[in-house]
Amino acid sequence: MGQGQQETVATSLAGAVGEEISASLAPVDAELERRYPGDPGTRQPVHTVYVPGDAFAADTLRTWGDQALAALDEHAPDAASFAAVLGLPDDLAEPVYTRVRAKLEREPVEDLRVDFEDGYGPRPDAEEDEAAARAARLIAGAYADGTAAPYMGIRMKCMEAPVRDRGIRTLDVFLTGLTEHGALPDGLVLTLPKVTYPEQVTAMVRLLEALEEARGLEPGRIGFEIQVETSQAILAADGTATVARMIQAAEGRATGLHYGTFDYSACLGVSAAHQAGDHPAADHAKAVMQVAAAGTGVRVSDGSTNVLPVGPAAQVHDAWRLHYGLTRRALARAYYQGWDMHPGHLPTRYAAVFAFYREGFAQAAARLARYASRTAGDVMDEPATAKALSGYLLRGLDCGALDTAEVTETTGLTRTELESFAAPRRGDLTASTK
């Protein structure tokens, strides 16, 4: 065969066969695209802070940061003492401590929910109306003057009959007030608690449709989180995974699945002393949530610990170690968000997150750099792994664990290039390598 000539490859199938197969799978292709669009590629907060509706004030974010800094000053005033409490290695002690303090000064809370459910309790209607209107006013003001957390919103009461009307009214008061102060903020997040049936999610969708129409908003503008706090939300009476059906019932509006540690544990009969995020019942629920949400663009959040870092130093240190360990455990299981219930939890939330990303930074960056440049190494990575590596680095950048300059220097990749590796669409995992 002469130079430049290409050898003929024998095949057996007519072209029509492939065309027929493609035509038969077209509905499946469309279904995959609709149901599993992939991660939205936006920032995911590392935590959600809950503040009762009557306690929320204009200075709440700064107050939480100041209280967290005061706890460090009193119980771990330098890197060495903080590292000794948490068992941080010497090479991470100073970088983690310095970044924790800087975070508490600059952005102490990443996601705040003004709570009108368990943390608020029954109140006269007029009082809850005023609290909801105040929350709208304060949140709108915070976004206007640049003091808002990246994400803010409310947790309404659930869709169960005894509190349904009150929950609907609170949401109406809040969203009406927010829109009266201008456009809805990009960081708006709503939480629907104690969901047990997909029909309750459908009801929330209908409610938001009505509010969007009433306020002249773009259809589909308002999303919401689904809080998983009952056994029925995990396993339905017919044996199916309810939470998967809930995601579909949200019609594209679901942004997150949040695990409710204590309500869910109590629902299963777990005694109070053993209600925790690392209980086997909790692990099962979150594993089902994780699989149901995978590829849908809906993110999973862990719950909280009710052990508060208060009291004498030894007691604070024990609570810090517990919270740090639970947070690190969740991160290893790919639950990148959790709840924090007290300002004293912020130092260990950020310590755990920063240590997680900094200790794995060098290896992840080197592996991604080799993958991007087609350089051989001691690990053979595939496109899906490159996606995970770039996602890891982006999450580290978003929360402040990593700096843009060090990531670019080590990987040779800009943030835009990292994002192209992190979010290829289904069936197009090779796109970012071309």
# chains A, B, ... in the order shown; residues from 1 in each chain; ligands from 1
>>> residues_around(residues="A:His75", least_positions_apart="2", cutoff="10 Å", atoms="only C-alpha atoms", output="count of residues only")
15
>>> select_by_dssp(residues="stretch 108-228 of chain A", states="strand (DSSP E or B)", output="ChimeraX atom specification")
/A:111-115,151-155,188-192,224-228
>>> closest_atom_pairs(of="stretch 311-407 of chain A", to="stretch 95-119 of chain A", cutoff="7 Å", atoms="only C-alpha atoms", output="tab-separated table")
residue	atom	partner	partner_atom	distance
A:Pro347	CA	A:Val100	CA	6.3
A:Tyr350	CA	A:Val100	CA	5.9
A:Ala351	CA	A:Val96	CA	6.0
A:Phe354	CA	A:Val96	CA	6.1
A:Ala355	CA	A:Val96	CA	6.3
>>> write_last_selection(atoms="N, CA and C atoms", output="mmCIF file, in the first residue's frame")
data_model
loop_
_atom_site.group_PDB
_atom_site.id
_atom_site.type_symbol
_atom_site.label_atom_id
_atom_site.label_comp_id
_atom_site.auth_asym_id
_atom_site.auth_seq_id
_atom_site.Cartn_x
_atom_site.Cartn_y
_atom_site.Cartn_z
ATOM 1 N N PRO A 347 -15.186 28.207 63.969
ATOM 2 C CA PRO A 347 -13.746 27.926 63.863
ATOM 3 C C PRO A 347 -13.443 26.501 63.418
ATOM 4 N N TYR A 350 -14.478 25.818 59.595
ATOM 5 C CA TYR A 350 -13.492 26.292 58.626
ATOM 6 C C TYR A 350 -12.149 25.583 58.778
ATOM 7 N N ALA A 351 -11.782 25.224 60.008
ATOM 8 C CA ALA A 351 -10.535 24.467 60.183
ATOM 9 C C ALA A 351 -10.609 23.136 59.454
ATOM 10 N N PHE A 354 -10.659 23.831 55.574
ATOM 11 C CA PHE A 354 -9.371 24.295 55.066
ATOM 12 C C PHE A 354 -8.318 23.187 55.125
ATOM 13 N N ALA A 355 -8.305 22.422 56.211
ATOM 14 C CA ALA A 355 -7.340 21.319 56.309
ATOM 15 C C ALA A 355 -7.605 20.274 55.223
#
>>> closest_residue(among="A:Leu175, A:Ala58, A:Leu86, A:Val9", to="A:Ala136", atoms="only C-alpha atoms")
A:Leu175
>>> residues_around(residues="A:Asp39", least_positions_apart="5", cutoff="8 Å", atoms="only C-alpha atoms", output="ChimeraX atom specification")
/A:295-298,423
>>> write_last_selection(atoms="N, CA and C atoms", output="mmCIF file, in the first residue's frame")
data_model
loop_
_atom_site.group_PDB
_atom_site.id
_atom_site.type_symbol
_atom_site.label_atom_id
_atom_site.label_comp_id
_atom_site.auth_asym_id
_atom_site.auth_seq_id
_atom_site.Cartn_x
_atom_site.Cartn_y
_atom_site.Cartn_z
ATOM 1 N N GLY A 295 -25.905 13.674 39.674
ATOM 2 C CA GLY A 295 -26.120 14.037 38.284
ATOM 3 C C GLY A 295 -27.304 14.939 38.034
ATOM 4 N N THR A 296 -28.143 15.170 39.047
ATOM 5 C CA THR A 296 -29.356 15.967 38.844
ATOM 6 C C THR A 296 -29.110 17.464 38.992
ATOM 7 N N GLY A 297 -27.971 17.851 39.531
ATOM 8 C CA GLY A 297 -27.727 19.249 39.835
ATOM 9 C C GLY A 297 -28.194 19.659 41.205
ATOM 10 N N VAL A 298 -28.780 18.714 41.951
ATOM 11 C CA VAL A 298 -29.236 18.963 43.319
ATOM 12 C C VAL A 298 -28.119 18.551 44.269
ATOM 13 N N ALA A 423 -16.914 20.547 34.748
ATOM 14 C CA ALA A 423 -18.337 20.470 34.402
ATOM 15 C C ALA A 423 -18.602 20.058 32.964
#
>>> atom_distance(atom1="atom CA of A:Thr348", atom2="atom CA of A:Ala287")
24.1 Å
>>> residues_around(residues="A:Ala241", least_positions_apart="2", cutoff="12 Å", atoms="only C-alpha atoms", output="list in words")
Thr196, Tyr197, Pro198, Ser231, Gln232, Ala233, Ile234, Leu235, Ala236, Ala237, Asp238, Gly239, Val243, Ala244, Arg245, Met246, Ile247, Gln248, His284, Ala285, Ala287, Val288, Met289, Gln290, Val291, Ala292 and Ala293 of chain A
>>> write_last_selection(atoms="N, CA and C atoms", output="PDB file, in the first residue's frame")
ATOM      1  N   THR A 196     -42.419  14.739  53.418  1.00  0.00           N
ATOM      2  CA  THR A 196     -42.625  13.290  53.520  1.00  0.00           C
ATOM      3  C   THR A 196     -43.174  12.683  52.233  1.00  0.00           C
ATOM      4  N   TYR A 197     -43.862  13.478  51.429  1.00  0.00           N
ATOM      5  CA  TYR A 197     -44.470  12.985  50.195  1.00  0.00           C
ATOM      6  C   TYR A 197     -44.076  13.897  49.029  1.00  0.00           C
ATOM      7  N   PRO A 198     -43.884  13.332  47.843  1.00  0.00           N
ATOM      8  CA  PRO A 198     -43.587  14.163  46.666  1.00  0.00           C
ATOM      9  C   PRO A 198     -44.680  15.195  46.386  1.00  0.00           C
ATOM     10  N   SER A 231     -38.507   9.277  57.939  1.00  0.00           N
ATOM     11  CA  SER A 231     -38.196   8.014  57.264  1.00  0.00           C
ATOM     12  C   SER A 231     -38.927   7.907  55.935  1.00  0.00           C
ATOM     13  N   GLN A 232     -40.134   8.469  55.872  1.00  0.00           N
ATOM     14  CA  GLN A 232     -40.926   8.393  54.649  1.00  0.00           C
ATOM     15  C   GLN A 232     -40.278   9.145  53.486  1.00  0.00           C
ATOM     16  N   ALA A 233     -39.405  10.096  53.809  1.00  0.00           N
ATOM     17  CA  ALA A 233     -38.711  10.831  52.755  1.00  0.00           C
ATOM     18  C   ALA A 233     -37.625   9.982  52.098  1.00  0.00           C
ATOM     19  N   ILE A 234     -37.182   8.938  52.789  1.00  0.00           N
ATOM     20  CA  ILE A 234     -36.154   8.048  52.247  1.00  0.00           C
ATOM     21  C   ILE A 234     -36.784   6.826  51.593  1.00  0.00           C
ATOM     22  N   LEU A 235     -37.698   6.192  52.293  1.00  0.00           N
ATOM     23  CA  LEU A 235     -38.317   4.972  51.772  1.00  0.00           C
ATOM     24  C   LEU A 235     -39.829   5.099  51.844  1.00  0.00           C
ATOM     25  N   ALA A 236     -40.473   5.024  50.676  1.00  0.00           N
ATOM     26  CA  ALA A 236     -41.929   5.143  50.619  1.00  0.00           C
ATOM     27  C   ALA A 236     -42.601   3.827  50.994  1.00  0.00           C
ATOM     28  N   ALA A 237     -43.889   3.881  51.188  1.00  0.00           N
ATOM     29  CA  ALA A 237     -44.643   2.687  51.586  1.00  0.00           C
ATOM     30  C   ALA A 237     -44.538   1.572  50.548  1.00  0.00           C
ATOM     31  N   ASP A 238     -44.321   1.932  49.281  1.00  0.00           N
ATOM     32  CA  ASP A 238     -44.221   0.908  48.236  1.00  0.00           C
ATOM     33  C   ASP A 238     -42.789   0.431  48.018  1.00  0.00           C
ATOM     34  N   GLY A 239     -41.864   0.877  48.870  1.00  0.00           N
ATOM     35  CA  GLY A 239     -40.480   0.420  48.786  1.00  0.00           C
ATOM     36  C   GLY A 239     -39.597   1.245  47.878  1.00  0.00           C
ATOM     37  N   VAL A 243     -37.127  10.160  48.033  1.00  0.00           N
ATOM     38  CA  VAL A 243     -36.349  11.370  47.788  1.00  0.00           C
ATOM     39  C   VAL A 243     -36.055  11.546  46.306  1.00  0.00           C
ATOM     40  N   ALA A 244     -35.905  10.449  45.573  1.00  0.00           N
ATOM     41  CA  ALA A 244     -35.691  10.555  44.131  1.00  0.00           C
ATOM     42  C   ALA A 244     -36.941  11.115  43.455  1.00  0.00           C
ATOM     43  N   ARG A 245     -38.103  10.684  43.917  1.00  0.00           N
ATOM     44  CA  ARG A 245     -39.359  11.187  43.359  1.00  0.00           C
ATOM     45  C   ARG A 245     -39.562  12.653  43.727  1.00  0.00           C
ATOM     46  N   MET A 246     -39.065  13.054  44.885  1.00  0.00           N
ATOM     47  CA  MET A 246     -39.185  14.455  45.290  1.00  0.00           C
ATOM     48  C   MET A 246     -38.391  15.367  44.360  1.00  0.00           C
ATOM     49  N   ILE A 247     -37.205  14.934  43.973  1.00  0.00           N
ATOM     50  CA  ILE A 247     -36.391  15.738  43.062  1.00  0.00           C
ATOM     51  C   ILE A 247     -37.136  15.971  41.758  1.00  0.00           C
ATOM     52  N   GLN A 248     -37.759  14.924  41.239  1.00  0.00           N
ATOM     53  CA  GLN A 248     -38.510  15.069  39.995  1.00  0.00           C
ATOM     54  C   GLN A 248     -39.766  15.915  40.187  1.00  0.00           C
ATOM     55  N   HIS A 284     -27.106   5.795  56.295  1.00  0.00           N
ATOM     56  CA  HIS A 284     -27.998   5.210  55.291  1.00  0.00           C
ATOM     57  C   HIS A 284     -28.829   6.279  54.592  1.00  0.00           C
ATOM     58  N   ALA A 285     -29.415   7.163  55.367  1.00  0.00           N
ATOM     59  CA  ALA A 285     -30.262   8.201  54.779  1.00  0.00           C
ATOM     60  C   ALA A 285     -29.466   9.069  53.817  1.00  0.00           C
ATOM     61  N   ALA A 287     -26.697   8.375  52.274  1.00  0.00           N
ATOM     62  CA  ALA A 287     -26.264   7.615  51.099  1.00  0.00           C
ATOM     63  C   ALA A 287     -27.380   7.528  50.061  1.00  0.00           C
ATOM     64  N   VAL A 288     -28.606   7.322  50.522  1.00  0.00           N
ATOM     65  CA  VAL A 288     -29.741   7.290  49.596  1.00  0.00           C
ATOM     66  C   VAL A 288     -29.931   8.672  48.959  1.00  0.00           C
ATOM     67  N   MET A 289     -29.854   9.720  49.757  1.00  0.00           N
ATOM     68  CA  MET A 289     -29.968  11.074  49.227  1.00  0.00           C
ATOM     69  C   MET A 289     -28.893  11.344  48.182  1.00  0.00           C
ATOM     70  N   GLN A 290     -27.683  10.919  48.466  1.00  0.00           N
ATOM     71  CA  GLN A 290     -26.551  11.169  47.580  1.00  0.00           C
ATOM     72  C   GLN A 290     -26.737  10.490  46.224  1.00  0.00           C
ATOM     73  N   VAL A 291     -27.169   9.236  46.252  1.00  0.00           N
ATOM     74  CA  VAL A 291     -27.380   8.511  45.002  1.00  0.00           C
ATOM     75  C   VAL A 291     -28.558   9.111  44.227  1.00  0.00           C
ATOM     76  N   ALA A 292     -29.626   9.473  44.928  1.00  0.00           N
ATOM     77  CA  ALA A 292     -30.791  10.050  44.268  1.00  0.00           C
ATOM     78  C   ALA A 292     -30.449  11.377  43.592  1.00  0.00           C
ATOM     79  N   ALA A 293     -29.566  12.148  44.214  1.00  0.00           N
ATOM     80  CA  ALA A 293     -29.237  13.480  43.695  1.00  0.00           C
ATOM     81  C   ALA A 293     -28.133  13.466  42.649  1.00  0.00           C
TER      82      ALA A 293
END
>>> residues_around(residues="stretch 44-46 of chain A", least_positions_apart="5", cutoff="10 Å", atoms="only C-alpha atoms", output="count of residues only")
25
>>> residues_around(residues="stretch 264-267 of chain A", least_positions_apart="4", cutoff="7 Å", atoms="only C-alpha atoms", output="JSON list (two decimals) with C-alpha atoms, in the first residue's frame")
[["chain", "number", "residue", "atom", "x", "y", "z"],
["A", 229, "GLU", "CA", -36.24, 14.69, 58.27],
["A", 230, "THR", "CA", -38.56, 11.68, 58.16],
["A", 231, "SER", "CA", -38.20, 8.01, 57.26],
["A", 260, "GLY", "CA", -32.10, 16.82, 59.42],
["A", 275, "GLN", "CA", -28.55, 11.00, 67.61]]
>>> select_by_dssp(residues="stretch 141-328 of chain A", states="alpha helix (DSSP H)", output="ChimeraX atom specification")
/A:141-145,164-180,198-215,242-249,261-267,280-293,313-328
>>> decode(residues="stretch 214-297 of chain A", atoms="C-alpha atoms", output="PDB file, in the first residue's frame")
ATOM      1  CA  ALA A 214     -48.228  37.704  41.223  1.00  0.00           C
ATOM      2  CA  ARG A 215     -44.894  39.546  41.446  1.00  0.00           C
ATOM      3  CA  GLY A 216     -44.113  39.565  37.729  1.00  0.00           C
ATOM      4  CA  LEU A 217     -41.089  37.300  38.056  1.00  0.00           C
ATOM      5  CA  GLU A 218     -39.633  35.069  35.373  1.00  0.00           C
ATOM      6  CA  PRO A 219     -41.222  31.592  35.568  1.00  0.00           C
ATOM      7  CA  GLY A 220     -38.909  29.177  37.382  1.00  0.00           C
ATOM      8  CA  ARG A 221     -36.900  31.986  38.995  1.00  0.00           C
ATOM      9  CA  ILE A 222     -37.326  30.725  42.569  1.00  0.00           C
ATOM     10  CA  GLY A 223     -35.761  27.458  43.682  1.00  0.00           C
ATOM     11  CA  PHE A 224     -35.791  25.714  47.049  1.00  0.00           C
ATOM     12  CA  GLU A 225     -34.109  23.096  49.192  1.00  0.00           C
ATOM     13  CA  ILE A 226     -35.878  19.951  50.368  1.00  0.00           C
ATOM     14  CA  GLN A 227     -35.226  18.995  53.962  1.00  0.00           C
ATOM     15  CA  VAL A 228     -35.128  15.264  54.684  1.00  0.00           C
ATOM     16  CA  GLU A 229     -36.244  14.695  58.271  1.00  0.00           C
ATOM     17  CA  THR A 230     -38.564  11.679  58.158  1.00  0.00           C
ATOM     18  CA  SER A 231     -38.196   8.014  57.264  1.00  0.00           C
ATOM     19  CA  GLN A 232     -40.926   8.393  54.649  1.00  0.00           C
ATOM     20  CA  ALA A 233     -38.711  10.831  52.755  1.00  0.00           C
ATOM     21  CA  ILE A 234     -36.154   8.048  52.247  1.00  0.00           C
ATOM     22  CA  LEU A 235     -38.317   4.972  51.772  1.00  0.00           C
ATOM     23  CA  ALA A 236     -41.929   5.143  50.619  1.00  0.00           C
ATOM     24  CA  ALA A 237     -44.643   2.687  51.586  1.00  0.00           C
ATOM     25  CA  ASP A 238     -44.221   0.908  48.236  1.00  0.00           C
ATOM     26  CA  GLY A 239     -40.480   0.420  48.786  1.00  0.00           C
ATOM     27  CA  THR A 240     -39.303   3.127  46.374  1.00  0.00           C
ATOM     28  CA  ALA A 241     -36.846   5.882  47.247  1.00  0.00           C
ATOM     29  CA  THR A 242     -39.140   8.824  47.968  1.00  0.00           C
ATOM     30  CA  VAL A 243     -36.349  11.370  47.788  1.00  0.00           C
ATOM     31  CA  ALA A 244     -35.691  10.555  44.131  1.00  0.00           C
ATOM     32  CA  ARG A 245     -39.359  11.187  43.359  1.00  0.00           C
ATOM     33  CA  MET A 246     -39.185  14.455  45.290  1.00  0.00           C
ATOM     34  CA  ILE A 247     -36.391  15.738  43.062  1.00  0.00           C
ATOM     35  CA  GLN A 248     -38.510  15.069  39.995  1.00  0.00           C
ATOM     36  CA  ALA A 249     -41.605  16.565  41.624  1.00  0.00           C
ATOM     37  CA  ALA A 250     -39.672  19.832  42.053  1.00  0.00           C
ATOM     38  CA  GLU A 251     -39.689  20.271  38.260  1.00  0.00           C
ATOM     39  CA  GLY A 252     -36.168  21.645  38.155  1.00  0.00           C
ATOM     40  CA  ARG A 253     -36.555  23.963  41.147  1.00  0.00           C
ATOM     41  CA  ALA A 254     -34.825  21.779  43.749  1.00  0.00           C
ATOM     42  CA  THR A 255     -31.380  23.109  44.622  1.00  0.00           C
ATOM     43  CA  GLY A 256     -30.484  20.930  47.590  1.00  0.00           C
ATOM     44  CA  LEU A 257     -31.340  18.020  49.868  1.00  0.00           C
ATOM     45  CA  HIS A 258     -30.608  18.821  53.509  1.00  0.00           C
ATOM     46  CA  TYR A 259     -30.396  16.069  56.095  1.00  0.00           C
ATOM     47  CA  GLY A 260     -32.104  16.821  59.416  1.00  0.00           C
ATOM     48  CA  THR A 261     -30.070  14.905  61.977  1.00  0.00           C
ATOM     49  CA  PHE A 262     -32.343  15.009  64.998  1.00  0.00           C
ATOM     50  CA  ASP A 263     -35.815  14.833  63.510  1.00  0.00           C
ATOM     51  CA  TYR A 264     -34.770  11.937  61.277  1.00  0.00           C
ATOM     52  CA  SER A 265     -33.060  10.090  64.129  1.00  0.00           C
ATOM     53  CA  ALA A 266     -36.058  10.523  66.395  1.00  0.00           C
ATOM     54  CA  CYS A 267     -38.366   9.321  63.616  1.00  0.00           C
ATOM     55  CA  LEU A 268     -36.420   6.050  63.562  1.00  0.00           C
ATOM     56  CA  GLY A 269     -36.468   5.705  67.344  1.00  0.00           C
ATOM     57  CA  VAL A 270     -32.776   6.480  67.902  1.00  0.00           C
ATOM     58  CA  SER A 271     -32.300   7.509  71.532  1.00  0.00           C
ATOM     59  CA  ALA A 272     -31.272  11.101  72.184  1.00  0.00           C
ATOM     60  CA  ALA A 273     -27.787  10.173  73.362  1.00  0.00           C
ATOM     61  CA  HIS A 274     -27.001   8.506  70.026  1.00  0.00           C
ATOM     62  CA  GLN A 275     -28.550  11.005  67.609  1.00  0.00           C
ATOM     63  CA  ALA A 276     -25.550  12.119  65.537  1.00  0.00           C
ATOM     64  CA  GLY A 277     -24.350  12.507  61.989  1.00  0.00           C
ATOM     65  CA  ASP A 278     -22.206   9.385  62.161  1.00  0.00           C
ATOM     66  CA  HIS A 279     -24.977   7.047  63.348  1.00  0.00           C
ATOM     67  CA  PRO A 280     -25.644   4.157  60.902  1.00  0.00           C
ATOM     68  CA  ALA A 281     -29.189   5.428  60.369  1.00  0.00           C
ATOM     69  CA  ALA A 282     -27.793   8.810  59.325  1.00  0.00           C
ATOM     70  CA  ASP A 283     -25.258   7.206  57.015  1.00  0.00           C
ATOM     71  CA  HIS A 284     -27.998   5.210  55.291  1.00  0.00           C
ATOM     72  CA  ALA A 285     -30.262   8.201  54.779  1.00  0.00           C
ATOM     73  CA  LYS A 286     -27.499  10.391  53.383  1.00  0.00           C
ATOM     74  CA  ALA A 287     -26.264   7.615  51.099  1.00  0.00           C
ATOM     75  CA  VAL A 288     -29.741   7.290  49.596  1.00  0.00           C
ATOM     76  CA  MET A 289     -29.968  11.074  49.227  1.00  0.00           C
ATOM     77  CA  GLN A 290     -26.551  11.169  47.580  1.00  0.00           C
ATOM     78  CA  VAL A 291     -27.380   8.511  45.002  1.00  0.00           C
ATOM     79  CA  ALA A 292     -30.791  10.050  44.268  1.00  0.00           C
ATOM     80  CA  ALA A 293     -29.237  13.480  43.695  1.00  0.00           C
ATOM     81  CA  ALA A 294     -26.199  12.367  41.683  1.00  0.00           C
ATOM     82  CA  GLY A 295     -26.120  14.037  38.284  1.00  0.00           C
ATOM     83  CA  THR A 296     -29.356  15.967  38.844  1.00  0.00           C
ATOM     84  CA  GLY A 297     -27.727  19.249  39.835  1.00  0.00           C
TER      85      GLY A 297
END
